[in-house]
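Worksheet: one structure, shown below.
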Amino acid sequence: MENYFIYIIYVLMFMFSCITYISSRKHLLCTLLSLEFMVLILFSILLLYLNFMKFEMYFSMFFLSFCVCEGVLGLSILVSMIRTHGNDYFQSFSILQC
């Protein structure tokens, strides 16, 4: 019964992070932070599910390594965008210029 409430809290947190991801259109950093929050919530749900079903935790290490790669890729895009355009506003660059 306790896991049921934890799942509800995790789903609510995931929904709020999706709303934050959809509503943040100004800065790339805010968008990346909301994506990382979504990934951390999914990782927590995965750990809770694997622990509840008495499965091995090897898949969680694969998921965590892919999440780290996704975060590094997002930060590298952010750094390259700041170097070329001077800021991380979406409005300051055109897709045709990149």
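Order determines the names: the first chain of the structure tokens is A, the second B, and so forth; residues in each chain are numbered 1 upward, and ligands are numbered 1 upward as they are shown.
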
> Excluding same-chain residues fewer than 3 positions from segment 53-66 of chain A, what lies within 10 Å of it counting only C-alpha atoms, as a list of chain:residue names?
Replying inline: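 Result of the neighbour search: A:Val39, A:Leu40, A:Leu42, A:Phe43, A:Ser44, A:Leu46, A:Leu47, A:Leu48, A:Tyr49, A:Leu50, A:Cys69, A:Glu70, A:Gly71, A:Val72.
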
>> From a backbone DSSP assignment, name each residue in chain A labelled alpha helix (DSSP H), as a PyMOL selection string.
In response: chain A and resi 2-23+28-52+58-85

> Hey, can you check how far atom CA of Ile6 of chain A sits from atom CA of Gly74 of chain A?
Replying inline: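 Answer for the atom CA of Ile6 of chain A to atom CA of Gly74 of chain A separation: 29.3 Å.
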
>> Using only C-alpha atoms, can you tell me which of A:Gln91, A:Thr20, A:Asn51, A:Ser80 comes closest to Phe37 of chain A?
In response: A:Thr20

> Restricting the calculation to only C-alpha atoms, which member of A:Ile8, A:Leu78, A:Ile45, A:Val68 is positioned closest to Leu32 of chain A?
Replying inline: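 Ranked by minimum distance to Leu32 of chain A, first place goes to A:Leu78.
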